[in-house]
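Enquirer: I am sharing entry03.tsv, which consists of TSV, C-alpha atoms:
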chain	number	residue	atom	x	y	z
H	1	MET	CA	6.16	-5.25	17.73
H	2	LYS	CA	6.85	-2.94	20.62
H	3	ASN	CA	9.71	-4.61	22.52
H	4	TYR	CA	12.21	-5.35	19.79
H	5	ALA	CA	15.28	-5.21	22.08
H	6	LYS	CA	13.67	-7.64	24.55
H	7	CYS	CA	13.07	-10.10	21.70
H	8	GLU	CA	16.70	-9.76	20.66
H	9	GLU	CA	17.88	-10.47	24.21
H	10	ILE	CA	15.56	-13.49	24.54
H	11	LEU	CA	16.79	-14.80	21.20
H	12	HIS	CA	20.33	-14.59	22.58
H	13	TYR	CA	19.36	-16.86	25.49
H	14	ILE	CA	17.52	-19.29	23.22
H	15	CYS	CA	20.58	-19.57	20.96
H	16	GLN	CA	23.12	-20.11	23.76
H	17	ASN	CA	22.98	-23.91	23.64
H	18	GLN	CA	21.36	-24.64	20.29
H	19	GLU	CA	20.65	-23.43	16.79
H	20	PRO	CA	16.87	-23.24	16.89
H	21	GLY	CA	14.60	-23.17	13.90
H	22	LYS	CA	12.14	-20.37	13.33
H	23	LYS	CA	9.25	-22.63	14.40
H	24	MET	CA	10.94	-23.32	17.74
H	25	VAL	CA	11.61	-19.61	18.29
H	26	GLN	CA	7.97	-18.79	17.51
H	27	LYS	CA	6.75	-21.30	20.10
H	28	LEU	CA	9.26	-20.35	22.82
H	29	MET	CA	8.48	-16.63	22.42
H	30	TYR	CA	4.76	-17.45	22.61
H	31	LEU	CA	5.31	-19.31	25.89
H	32	MET	CA	7.37	-16.42	27.26
H	33	GLU	CA	4.60	-13.96	26.48
H	34	ARG	CA	2.16	-16.30	28.21
H	35	LYS	CA	4.44	-16.16	31.28
H	36	GLY	CA	4.03	-12.40	31.39
H	37	ILE	CA	6.77	-10.89	29.24
H	38	ASP	CA	5.08	-8.22	27.14
H	39	LEU	CA	6.74	-8.35	23.75
H	40	GLY	CA	3.83	-6.97	21.74
H	41	LEU	CA	3.67	-10.03	19.52
H	42	ASN	CA	0.23	-10.76	18.15
H	43	TYR	CA	-0.40	-14.44	17.67
H	44	SER	CA	-2.98	-16.18	15.52
H	45	ILE	CA	-3.50	-19.86	14.86
H	46	HIS	CA	-1.47	-21.15	11.93
H	47	PHE	CA	-0.66	-24.47	10.32
H	48	TYR	CA	2.09	-25.10	12.92
H	49	GLY	CA	0.23	-23.64	15.91
H	50	PRO	CA	0.41	-20.09	17.29
H	51	TYR	CA	2.28	-17.81	14.88
H	52	SER	CA	3.31	-14.16	15.03
H	53	ALA	CA	3.95	-12.41	11.72
H	54	SER	CA	5.54	-9.51	13.62
H	55	LEU	CA	8.06	-11.92	15.21
H	56	ASP	CA	8.88	-13.33	11.78
H	57	ASP	CA	9.39	-9.77	10.51
H	58	ALA	CA	11.64	-9.02	13.51
H	59	LEU	CA	13.77	-12.10	12.82
H	60	HIS	CA	14.30	-11.00	9.22
H	61	ALA	CA	15.11	-7.45	10.39
H	62	LEU	CA	17.73	-8.88	12.78
H	63	GLU	CA	19.18	-10.83	9.89
H	64	ALA	CA	19.26	-7.71	7.69
H	65	ARG	CA	21.09	-5.83	10.48
H	66	GLY	CA	23.72	-8.60	10.66
H	67	ILE	CA	22.74	-9.72	14.18
H	68	ILE	CA	21.65	-13.25	13.21
H	69	ASN	CA	21.93	-15.59	10.28
H	70	ILE	CA	18.94	-17.57	9.07
H	71	THR	CA	19.96	-20.54	6.96
H	72	MET	CA	17.93	-23.31	5.38
H	73	ASP	CA	18.80	-26.71	6.90
H	74	HIS	CA	16.69	-29.45	5.36
H	75	LEU	CA	13.14	-28.26	6.12
H	76	THR	CA	14.09	-25.88	8.92
H	77	HIS	CA	15.26	-22.28	8.95
H	78	LYS	CA	18.10	-22.39	11.50
H	79	ILE	CA	18.93	-19.27	13.46
H	80	THR	CA	22.47	-18.52	14.61
H	81	PRO	CA	23.79	-15.34	16.20
H	82	VAL	CA	26.57	-13.58	14.32
H	83	ASP	CA	28.22	-12.35	17.54
H	84	ARG	CA	27.27	-14.31	20.66
H	85	ASN	CA	28.65	-11.54	22.90
H	86	HIS	CA	26.42	-8.83	21.44
H	87	PHE	CA	22.90	-8.51	22.81
H	88	PRO	CA	20.86	-5.79	24.46
H	89	ARG	CA	20.13	-6.04	28.15
H	90	GLU	CA	16.54	-4.89	28.34
H	91	LEU	CA	14.83	-7.56	30.43
H	92	GLU	CA	13.99	-6.90	34.05
H	93	GLU	CA	14.96	-9.57	36.59
H	94	GLY	CA	11.43	-10.99	36.77
H	95	GLU	CA	11.33	-11.23	32.98
H	96	LYS	CA	14.71	-12.98	32.91
H	97	LYS	CA	13.40	-15.48	35.44
H	98	ALA	CA	10.39	-16.14	33.19
H	99	VAL	CA	12.70	-16.63	30.19
H	100	PHE	CA	14.85	-19.14	32.04
H	101	ASP	CA	11.78	-20.94	33.44
H	102	VAL	CA	10.40	-21.37	29.92
H	103	LEU	CA	13.78	-22.50	28.59
H	104	SER	CA	14.16	-24.92	31.51
H	105	ASN	CA	10.75	-26.47	30.84
H	106	PHE	CA	10.64	-26.30	27.05
H	107	GLY	CA	14.08	-25.39	25.66
H	108	LYS	CA	15.06	-28.97	24.87
H	109	LYS	CA	11.69	-30.00	23.40
H	110	SER	CA	11.36	-30.67	19.69
H	111	ALA	CA	9.59	-28.15	17.47
H	112	ALA	CA	6.79	-30.69	16.98
H	113	ASP	CA	6.32	-31.07	20.74
H	114	LEU	CA	6.33	-27.29	21.15
H	115	GLU	CA	3.67	-27.09	18.45
H	116	ALA	CA	1.43	-29.43	20.46
H	117	TYR	CA	2.02	-27.63	23.79
H	118	THR	CA	1.41	-24.16	22.37
H	119	THR	CA	-1.61	-25.17	20.29
H	120	LEU	CA	-3.21	-26.67	23.39
H	121	ASP	CA	-2.52	-23.46	25.29
H	122	TYR	CA	-3.71	-21.22	22.45
H	123	VAL	CA	-6.99	-23.10	22.17
H	124	ALA	CA	-7.53	-23.16	25.95
H	125	HIS	CA	-6.54	-19.55	26.60
H	126	THR	CA	-7.32	-17.58	23.43
H	127	MET	CA	-10.05	-19.51	21.68
H	128	LEU	CA	-11.96	-20.80	24.73
H	129	GLY	CA	-11.05	-17.98	27.11
H	130	ASP	CA	-9.82	-20.36	29.82
H	131	GLU	CA	-13.38	-21.70	30.09
H	132	GLY	CA	-13.04	-24.98	28.17
H	133	THR	CA	-12.77	-28.42	29.68
H	134	GLU	CA	-9.81	-30.66	28.95
H	135	GLU	CA	-11.99	-32.66	26.57
H	136	GLN	CA	-13.13	-29.51	24.70
H	137	VAL	CA	-9.59	-28.19	24.35
H	138	ILE	CA	-8.21	-31.50	23.10
H	139	GLN	CA	-11.11	-32.03	20.68
H	140	ASP	CA	-10.60	-28.54	19.24
H	141	VAL	CA	-6.87	-29.19	18.83
H	142	LEU	CA	-7.63	-32.49	17.10
H	143	LYS	CA	-9.93	-30.60	14.69
H	144	ILE	CA	-7.22	-28.03	13.95
H	145	LYS	CA	-4.35	-30.51	13.71
H	146	SER	CA	-6.27	-33.39	12.11
H	147	LYS	CA	-4.17	-36.50	12.69
H	148	LYS	CA	-0.89	-34.80	13.54
H	149	PHE	CA	-1.09	-35.68	17.25
H	150	SER	CA	-2.70	-38.62	19.00
H	151	LEU	CA	-5.37	-38.23	21.67
H	152	GLU	CA	-3.00	-39.76	24.24
H	153	GLU	CA	-0.17	-37.42	23.31
H	154	LEU	CA	-2.43	-34.38	23.65
H	155	GLN	CA	-3.79	-35.59	26.98
H	156	GLU	CA	-0.26	-35.98	28.31
H	157	LYS	CA	0.82	-32.55	27.07
H	158	TYR	CA	-2.36	-30.96	28.41
H	159	GLN	CA	-1.46	-32.21	31.89
H	160	VAL	CA	2.03	-30.73	31.59
H	161	MET	CA	0.57	-27.35	30.60
H	162	LYS	CA	-1.81	-27.56	33.53
H	163	GLN	CA	1.00	-28.43	35.99
H	164	LEU	CA	3.04	-25.48	34.71
H	165	ASN	CA	0.02	-23.16	35.20
H	166	TYR	CA	-0.50	-22.26	31.56
H	167	ILE	CA	-3.89	-23.98	31.48
H	168	TYR	CA	-6.21	-23.73	34.49
Is it possible to give me this structure as structure tokens?
Expert:
Amino acid sequence: MKNYAKCEEILHYICQNQEPGKKMVQKLMYLMERKGIDLGLNYSIHFYGPYSASLDDALHALEARGIINITMDHLTHKITPVDRNHFPRELEEGEKKAVFDVLSNFGKKSAADLEAYTTLDYVAHTMLGDEGTEEQVIQDVLKIKSKKFSLEELQEKYQVMKQLNYIY
């Protein structure tokens, strides 16, 4: 990962009003990269949607440095900052705007909803190269996710991603 300090600053903003799980952080960071913040995270499709091993490594490095705590809470790994006043200030103004736009649109969504949104986007953008139809994208997501999401739910979320200019 090439922009470690930017990830740390973004994590600070994500954690301001919640204790997110690792899955939520993965999805929010993915959406921020899709909005143009170059964090150097490489995503691949995973059981829970787009996943970055380098982001997971960075989270554990932050924990080892005493910046965050990662605790098991039921089935979720909750992330909490150790010192809410400590964070690097590496983001440019345009990047901060992108962070707050993503958090405004997706910050209060459940991890499961974020999984659906980001999987739709990953299939449309990465797997189909922004060339797939809505039907193709949704059918591919249904193949990947089996029965995790309904057709209607994916159609609704597809429209949201289209309105927010993730999917064209």
Enquirer: Which residue, H:Lys96, H:Lys22, H:His74, H:His46, has the smallest gap to His60 of chain H when you use all atoms listed in the file?
Expert: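 Among H:Lys96, H:Lys22, H:His74, H:His46, it is H:Lys22 that comes nearest to His60 of chain H.
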Enquirer: Work out how far atom CA of Leu62 of chain H is from atom CA of Gly107 of chain H, in Å to one decimal.
Expert: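 Distance between the two atoms: 21.3 Å.
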Enquirer: Go through H:Ile144, H:Val25, H:Leu55, H:Ile37 one by one, measure the shortest atom-to-atom distance of each to Val99 of chain H using only C-alpha atoms, and give the residue with the smallest value.
Expert: H:Ile37
Enquirer: Hey, can you check how far atom CA of Arg89 of chain H sits from atom CA of Ala5 of chain H?
Expert: 7.8 Å
Enquirer: Which distance in Å separates atom CA of Phe100 of chain H and atom CA of Ala53 of chain H, to one decimal?
Expert: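 So the two atoms, atom CA of Phe100 of chain H and atom CA of Ala53 of chain H, lie 24.0 Å apart.
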Enquirer: Using only C-alpha atoms for the distances, tell me which of H:Asn165, H:Thr119, H:Thr126, H:Asn42 is nearest to Phe149 of chain H.
Expert: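 Smallest distance to Phe149 of chain H is found for H:Thr119.
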Enquirer: Tell me, as a list in words, which residues lie within 12 Å of Asp140 of chain H, counting all atoms listed in the file; anything in the same chain fewer than 3 positions away does not count.
Expert: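 The neighbour list is Thr119, Leu120, Asp121, Tyr122, Val123, Ala124, Met127, Leu128, Gly132, Thr133, Glu134, Glu135, Gln136, Val137, Lys143, Ile144, Lys145, Ser146, Leu151 and Leu154 of chain H.
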Enquirer: Would you kindly return, as a CSV table (one decimal) with C-alpha atoms, in the frame of the given file, each protein, DNA or RNA residue with an atom no farther than 12 Å from any atom of His86 of chain H, considering only C-alpha atoms and excluding same-chain residues fewer than 4 positions away?
Expert:
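File produced: out38.csv:
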chain,number,residue,atom,x,y,z
H,5,ALA,CA,15.3,-5.2,22.1
H,8,GLU,CA,16.7,-9.8,20.7
H,9,GLU,CA,17.9,-10.5,24.2
H,11,LEU,CA,16.8,-14.8,21.2
H,12,HIS,CA,20.3,-14.6,22.6
H,13,TYR,CA,19.4,-16.9,25.5
H,16,GLN,CA,23.1,-20.1,23.8
H,66,GLY,CA,23.7,-8.6,10.7
H,67,ILE,CA,22.7,-9.7,14.2
H,68,ILE,CA,21.6,-13.2,13.2
H,81,PRO,CA,23.8,-15.3,16.2
H,82,VAL,CA,26.6,-13.6,14.3
Enquirer: Identify the residues around (6.9, -19.8, 22.7) within a radius of 12 Å, measuring from only C-alpha atoms in the coordinates stated by the file, and give them as number ranges by chain.
Expert: H: 7, 10-11, 14, 22-37, 39, 41, 43, 49-52, 55, 98-99, 101-103, 105-107, 109, 111, 113-119, 121-122, 166
Enquirer: Restricting the calculation to all atoms listed in the file: of H:Ser110, H:Gly129, H:Asp56, H:Leu91, which residue gets closest to Ile167 of chain H?
Expert: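 For Ile167 of chain H, the nearest of the given residues is H:Gly129.
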Enquirer: Would you list the contacts of segment 17-21 of chain H as JSON, numbers by chain, taking every protein, DNA or RNA residue within 8 Å and counting all atoms listed in the file, but skipping same-chain residues closer than 6 positions in sequence?
Expert: {"H": [76, 77, 78, 79, 80, 111]}
